[in-house]
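The structure file model_28.cif is reproduced below (mmCIF, C-alpha atoms).
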data_run
#
loop_
_atom_site.label_atom_id
_atom_site.label_comp_id
_atom_site.auth_asym_id
_atom_site.auth_seq_id
_atom_site.Cartn_x
_atom_site.Cartn_y
_atom_site.Cartn_z
CA MET A 1059 -117.45 66.91 160.97
CA GLN A 1060 -117.32 67.09 164.76
CA LYS A 1061 -117.06 70.59 166.15
CA LEU A 1062 -113.81 71.26 167.97
CA SER A 1063 -113.85 72.39 171.58
CA ILE A 1064 -112.20 75.66 172.62
CA GLN A 1065 -109.28 73.74 174.11
CA GLN A 1066 -108.77 71.69 170.92
CA THR A 1067 -108.95 74.80 168.74
CA LEU A 1068 -106.44 76.68 170.89
CA GLN A 1069 -104.05 73.74 170.86
CA LEU A 1070 -104.18 73.49 167.07
CA ALA A 1071 -103.49 77.22 166.79
CA LYS A 1072 -100.57 76.99 169.22
CA ASN A 1073 -99.19 74.05 167.24
CA GLY A 1074 -98.95 76.19 164.10
CA ASN A 1075 -102.28 75.72 162.32
CA GLU A 1076 -102.66 79.23 160.93
CA LEU A 1077 -106.01 78.55 159.27
CA VAL A 1078 -107.51 77.53 162.60
CA ARG A 1079 -105.91 80.54 164.33
CA GLU A 1080 -107.19 83.02 161.73
CA ALA A 1081 -110.69 81.56 161.80
CA PHE A 1082 -110.73 81.61 165.61
CA ILE A 1083 -109.62 85.25 165.72
CA GLU A 1084 -112.10 86.25 163.02
CA ASN A 1085 -114.96 84.56 164.87
CA HIS A 1086 -113.99 86.40 168.05
CA LYS A 1087 -113.79 89.91 166.62
CA PRO A 1088 -117.14 90.79 168.25
CA PHE A 1089 -115.66 89.71 171.59
CA ILE A 1090 -112.52 91.80 170.99
CA LEU A 1091 -114.65 94.78 169.94
CA LYS A 1092 -116.87 94.53 173.02
CA ILE A 1093 -113.98 94.34 175.49
CA SER A 1094 -112.09 97.19 173.82
CA SER A 1095 -115.12 99.48 173.47
CA ASN A 1096 -116.13 98.92 177.09
CA LEU A 1097 -112.64 99.80 178.30
CA CYS A 1098 -112.41 102.88 176.05
CA LYS A 1099 -115.92 104.00 177.08
CA HIS A 1100 -116.97 104.53 173.46
CA TYR A 1101 -117.71 102.42 170.38
CA LEU A 1102 -114.67 101.55 168.27
CA THR A 1103 -114.51 100.84 164.54
CA TRP A 1104 -112.35 98.27 162.78
CA GLY A 1105 -109.80 99.89 160.46
CA HIS A 1106 -110.19 103.25 162.16
CA ASP A 1107 -109.23 102.92 165.84
CA ASP A 1108 -105.72 101.89 166.88
CA GLU A 1109 -107.13 100.42 170.10
CA LEU A 1110 -108.71 97.57 168.14
CA SER A 1111 -105.43 96.74 166.42
CA ILE A 1112 -103.72 96.59 169.80
CA ALA A 1113 -106.50 94.43 171.26
CA LEU A 1114 -106.33 92.11 168.24
CA VAL A 1115 -102.59 91.58 168.71
CA ALA A 1116 -103.19 91.01 172.43
CA PHE A 1117 -105.89 88.41 171.70
CA ASN A 1118 -103.46 86.61 169.40
CA GLU A 1119 -100.88 86.76 172.17
CA ALA A 1120 -103.40 85.26 174.60
CA ILE A 1121 -103.83 82.25 172.32
CA ASP A 1122 -100.12 81.48 172.61
CA LYS A 1123 -99.79 82.12 176.33
CA TYR A 1124 -103.00 80.54 177.67
CA GLU A 1125 -102.51 77.43 179.79
CA PRO A 1126 -105.67 75.45 180.75
CA SER A 1127 -103.80 73.96 183.69
CA ASP A 1128 -103.83 77.36 185.40
CA GLY A 1129 -107.55 76.93 186.01
CA ALA A 1130 -108.74 80.18 184.40
CA SER A 1131 -111.09 80.34 181.44
CA PHE A 1132 -109.56 81.40 178.11
CA TYR A 1133 -111.97 84.31 177.76
CA GLY A 1134 -111.09 85.71 181.16
CA PHE A 1135 -107.39 85.33 180.39
CA ALA A 1136 -107.75 86.97 176.95
CA LYS A 1137 -109.65 89.89 178.48
CA THR A 1138 -106.85 90.37 181.01
CA VAL A 1139 -104.17 90.44 178.30
CA MET A 1140 -106.16 92.86 176.10
CA THR A 1141 -106.89 95.14 179.05
CA ARG A 1142 -103.24 95.30 180.10
CA ARG A 1143 -102.05 96.07 176.58
CA LEU A 1144 -104.65 98.79 176.10
CA ILE A 1145 -103.88 100.41 179.46
CA ASP A 1146 -100.18 100.43 178.53
CA TYR A 1147 -101.16 102.12 175.26
CA PHE A 1148 -103.34 104.73 177.02
CA ARG A 1149 -100.54 105.49 179.43
CA LYS A 1150 -97.92 105.96 176.70
CA GLU A 1151 -100.23 108.10 174.58
CA SER A 1152 -101.12 110.30 177.54
CA LYS A 1153 -97.45 110.81 178.39
CA HIS A 1154 -96.65 111.68 174.79
CA GLN A 1155 -99.43 114.26 174.61
CA LEU A 1156 -98.41 115.85 177.90
CA LEU A 1157 -94.73 116.07 177.00
CA SER A 1158 -95.50 117.71 173.68
CA LEU A 1159 -97.49 120.43 175.48
CA THR A 1160 -95.67 120.88 178.78
CA PRO A 1161 -92.17 119.38 178.57
CA THR A 1162 -91.14 120.84 181.93
CA GLU A 1163 -93.81 118.98 183.89
CA SER A 1164 -91.97 115.72 184.49
CA ASP A 1165 -93.65 114.79 187.73
CA ASN A 1166 -96.89 113.66 186.11
CA ASP A 1167 -95.84 110.01 185.99
CA ALA A 1168 -97.56 109.49 189.32
CA LEU A 1169 -100.82 110.70 187.80
CA TYR A 1170 -100.60 108.17 184.98
CA ASP A 1171 -99.60 105.46 187.39
CA TYR A 1172 -102.70 106.29 189.37
CA ASP A 1173 -104.89 106.24 186.25
CA SER A 1174 -103.45 102.90 185.22
CA GLU A 1175 -103.90 101.39 188.66
CA ALA A 1176 -107.42 102.79 188.92
CA SER A 1177 -108.36 101.28 185.55
CA LEU A 1178 -106.90 97.94 186.55
CA GLY A 1179 -108.70 98.13 189.87
CA MET A 1180 -112.04 98.70 188.14
CA TYR A 1181 -111.31 95.87 185.77
CA LYS A 1182 -110.41 93.44 188.54
CA LYS A 1183 -113.74 94.11 190.21
CA GLU A 1184 -115.55 93.18 187.02
CA LYS A 1185 -113.24 90.33 186.06
CA GLN A 1186 -114.40 87.81 188.62
CA ASN A 1187 -118.06 88.21 187.70
CA TYR A 1188 -117.26 88.17 183.99
CA ASP A 1189 -115.12 85.04 184.24
CA PHE A 1190 -117.76 83.26 186.26
CA ALA A 1191 -120.50 84.18 183.77
CA GLU A 1192 -118.42 82.98 180.82
CA THR A 1193 -117.56 79.74 182.59
CA VAL A 1194 -121.22 79.11 183.37
CA LYS A 1195 -122.09 79.66 179.70
CA SER A 1196 -119.52 77.06 178.66
CA PHE A 1197 -120.73 74.70 181.37
CA VAL A 1198 -124.33 75.02 180.19
CA LEU A 1199 -123.31 74.07 176.64
CA VAL A 1200 -121.47 70.98 177.88
CA LEU A 1201 -124.39 69.96 180.11
CA ILE A 1202 -126.72 70.09 177.11
CA GLU A 1203 -124.65 67.33 175.52
CA TYR A 1204 -125.67 65.14 178.48
CA GLY A 1205 -129.32 66.17 178.34
CA ILE A 1206 -129.02 68.30 181.49
CA THR A 1207 -130.05 71.90 182.18
CA LEU A 1208 -129.23 74.23 185.05
CA GLU A 1209 -132.86 74.01 186.09
CA ASP A 1210 -132.43 70.24 186.35
CA LEU A 1211 -129.50 70.67 188.73
CA VAL A 1212 -131.50 72.95 190.98
CA GLN A 1213 -134.31 70.40 191.16
CA VAL A 1214 -132.21 67.25 191.61
CA SER A 1215 -129.50 68.65 193.88
CA PRO A 1216 -129.43 66.43 197.00
CA LYS A 1217 -130.94 68.18 199.99
CA HIS A 1218 -129.02 66.21 202.60
CA ARG A 1219 -125.29 66.55 203.19
CA ASP A 1220 -124.83 62.78 203.42
CA SER A 1221 -126.40 62.30 199.99
CA LYS A 1222 -124.16 64.98 198.49
CA ALA A 1223 -121.12 63.43 200.13
CA THR A 1224 -122.03 60.02 198.70
CA LEU A 1225 -122.37 61.35 195.15
CA TYR A 1226 -119.19 63.36 195.54
CA ARG A 1227 -117.31 60.22 196.54
CA VAL A 1228 -118.66 58.39 193.49
CA ALA A 1229 -117.72 61.31 191.23
CA HIS A 1230 -114.23 61.45 192.72
CA GLU A 1231 -113.67 57.73 192.17
CA LEU A 1232 -114.97 57.98 188.61
CA CYS A 1233 -112.54 60.84 187.89
CA ALA A 1234 -109.70 58.69 189.22
CA ARG A 1235 -110.47 56.05 186.59
CA PRO A 1236 -109.50 57.29 183.10
CA ASP A 1237 -111.37 54.40 181.46
CA LEU A 1238 -114.63 55.27 183.20
CA LEU A 1239 -114.17 58.98 182.58
CA GLN A 1240 -113.58 58.28 178.90
CA TYR A 1241 -116.72 56.14 178.80
CA LEU A 1242 -118.73 59.02 180.25
CA THR A 1243 -117.40 61.68 177.88
CA LYS A 1244 -117.69 59.44 174.84
CA ASN A 1245 -121.13 57.92 175.48
CA LYS A 1246 -122.63 60.81 177.47
CA CYS A 1247 -123.91 58.40 180.10
CA LEU A 1248 -122.65 56.93 183.36
CA PRO A 1249 -120.99 53.49 183.51
CA LEU A 1250 -123.54 52.44 186.14
CA LYS A 1251 -122.58 48.78 186.38
CA GLU A 1252 -118.90 49.57 186.89
CA LEU A 1253 -119.65 52.34 189.38
CA GLU A 1254 -121.86 50.06 191.42
CA LEU A 1255 -119.10 47.47 191.64
CA LEU A 1256 -116.44 50.09 192.31
CA THR A 1257 -118.22 52.06 195.02
CA GLY A 1258 -120.77 49.66 196.47
CA ILE A 1259 -123.49 52.26 195.91
CA LYS A 1260 -126.74 50.77 194.65
CA ARG A 1261 -127.64 51.34 191.02
CA LYS A 1262 -130.95 53.01 191.95
CA VAL A 1263 -129.08 55.62 193.99
CA LEU A 1264 -126.70 56.28 191.10
CA GLU A 1265 -129.56 56.57 188.63
CA ARG A 1266 -131.48 58.93 190.89
CA GLY A 1267 -128.44 61.16 191.30
CA ARG A 1268 -127.30 60.88 187.66
CA LYS A 1269 -127.61 64.55 186.68
CA TYR A 1270 -125.97 65.89 189.80
CA LEU A 1271 -123.30 63.20 189.56
CA VAL A 1272 -122.48 64.01 185.91
CA ALA A 1273 -122.28 67.74 186.67
CA THR A 1274 -119.96 67.07 189.59
CA VAL A 1275 -117.68 64.88 187.49
CA LEU A 1276 -117.46 67.56 184.79
CA ILE A 1277 -116.48 70.17 187.37
CA LEU A 1278 -113.89 67.96 189.05
CA SER A 1279 -112.32 66.69 185.83
CA ASP A 1280 -112.15 69.86 183.72
CA PRO A 1281 -109.83 72.69 184.92
CA GLU A 1282 -112.05 75.23 183.14
CA PHE A 1283 -114.98 74.38 185.42
CA ARG A 1284 -113.27 74.08 188.79
CA SER A 1285 -114.32 77.61 189.71
CA LEU A 1286 -117.90 76.28 189.72
CA LYS A 1287 -117.38 74.06 192.76
CA SER A 1288 -119.50 76.42 194.84
CA PHE A 1289 -122.15 76.30 192.12
CA THR A 1290 -122.96 72.69 193.01
CA GLN A 1291 -121.92 73.22 196.64
CA ILE A 1292 -119.03 70.80 196.19
CA ASP A 1293 -116.79 73.14 198.17
CA SER A 1294 -119.05 72.66 201.20
CA ILE A 1295 -118.37 68.94 201.07
CA THR A 1296 -114.61 68.87 200.65
#

Written as C-alpha cells, that's how I'd like the structure from this file.
Amino acid sequence: MQKLSIQQTLQLAKNGNELVREAFIENHKPFILKISSNLCKHYLTWGHDDELSIALVAFNEAIDKYEPSDGASFYGFAKTVMTRRLIDYFRKESKHQLLSLTPTESDNDALYDYDSEASLGMYKKEKQNYDFAETVKSFVLVLIEYGITLEDLVQVSPKHRDSKATLYRVAHELCARPDLLQYLTKNKCLPLKELELLTGIKRKVLERGRKYLVATVLILSDPEFRSLKSFTQIDSIT
C-alpha cells in the first residue's frame, strides 16, 4: 500500500476519516510533547500534565484549520496553534492564582500581557528557523524519491547566472503544463523529449541540469516548499 503524504493524510482527516485522524495524532504525540515541554521549560508527562491535554486539542484544531495554500508548513502552523493555546492557558492560570491570593491587586493584567507578549516574541524568533528546518527535512525526503540528495544540489548547482536562468525558465514552463508535471511526479523523471520541443533547450543541457531542474520544479509547484526559493537561489533569478 502506497504511503500517504502529509497533505493527503490531513485532507482525509478533515473530510471525516476518524481512523486516519487518530492515527496521525497518535504518531505525532512525540512532536506534541516536545513542543509543549520546550515551551513549559520542563518535561511533561501524558496523563499527568494539563498542558499536554491542551496541546493535544490544539494539534487537533490545527488539522482542521491548516490550509496548504497559505504557504506555511503544517508543522510550523501546528506549533503556532499549540503555543498560542498554551500561552492563553498560562495567562489564565496565573491570573487565577493571583486573584485567589491578592484580590485587590487588579492592575496586574499588564504584567501578564507582558509575559504573554514576551513568550510569543521568543517563539517568533525560533519559529522561522524551526519552520525552515522542518521544510528542508520534508524536501530531503521528496528529493530521495528522485534519487537526489542535498549534496548533489550543491555540486550540480549552475555557477553562472545565465545557466540558472535557463533552467528556471524550463522549470517554470514545465510547472505551467499539468501533463508534464504529472509525468514528472508519477515517473520520477523529466519528460526530456517534450521539454526539448517546448523550450528549444538541447537535451544534453536538460540532462546535465536534471537534478537542479527537478529540485526547482518541486519548489515552484509545491506551496510547502516555496520558502526554499533562496535555498536554490531561485529568488536571485526572479

Quiz prompt | Residues within 10 Å of Tyr1226 of chain A, only C-alpha atoms, excluding chain neighbours under 3 positions, as a ChimeraX atom specification | solution = /A:1220-1223,1229-1232,1270-1271,1274-1275,1278,1292,1295-1296

Open item on the list: Env of Asn1118 of chain A: 8 Å cut, atoms = all atoms listed in the file, seq-sep filter 4 positions within chain, self excluded. Answer as a PyMOL selection string.
Closed with: chain A and resi 1083+1114+1122

Mind checking which residues fall within 12 Å of Leu1250 of chain A, counting only C-alpha atoms, ignoring those fewer than 5 positions away in the same chain, and posting them as JSON, numbers by chain? {"A": [1228, 1229, 1232, 1238, 1239, 1241, 1242, 1255, 1256, 1257, 1258, 1259, 1260, 1261, 1262, 1263, 1264, 1265, 1266, 1267, 1268, 1271, 1272]}

Selection: 10 Å around Tyr1101 of chain A, all atoms listed in the file, excl. self and same-chain fewer than 6 positions, as a list in words: Leu1091, Lys1092, Ser1094, Ser1095 and Asp1107 of chain A

| Contacts of Ser1131 of chain A at 10 Å (only C-alpha atoms; same-chain gap of 6+ positions) as an MDAnalysis selection string | chainID A and resid 1124:1125 1189:1190 1192:1193 1196 1281:1285

Separation of atom CA of Lys1244 of chain A and atom CA of Ala1071 of chain A, in Å?
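Value for the atom CA of Lys1244 of chain A-atom CA of Ala1071 of chain A distance: 24.1 Å.
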
Of A:Leu1211, A:Pro1126, A:Tyr1204, A:Ile1090, the one sitting nearest Ala1113 of chain A when using all atoms listed in the file is A:Ile1090

The distance between atom CA of Lys1251 of chain A and atom CA of Ile1206 of chain A is 21.1 Å

Pairwise distance, atom CA of His1086 of chain A with atom CA of Gln1065 of chain A, equals 14.8 Å
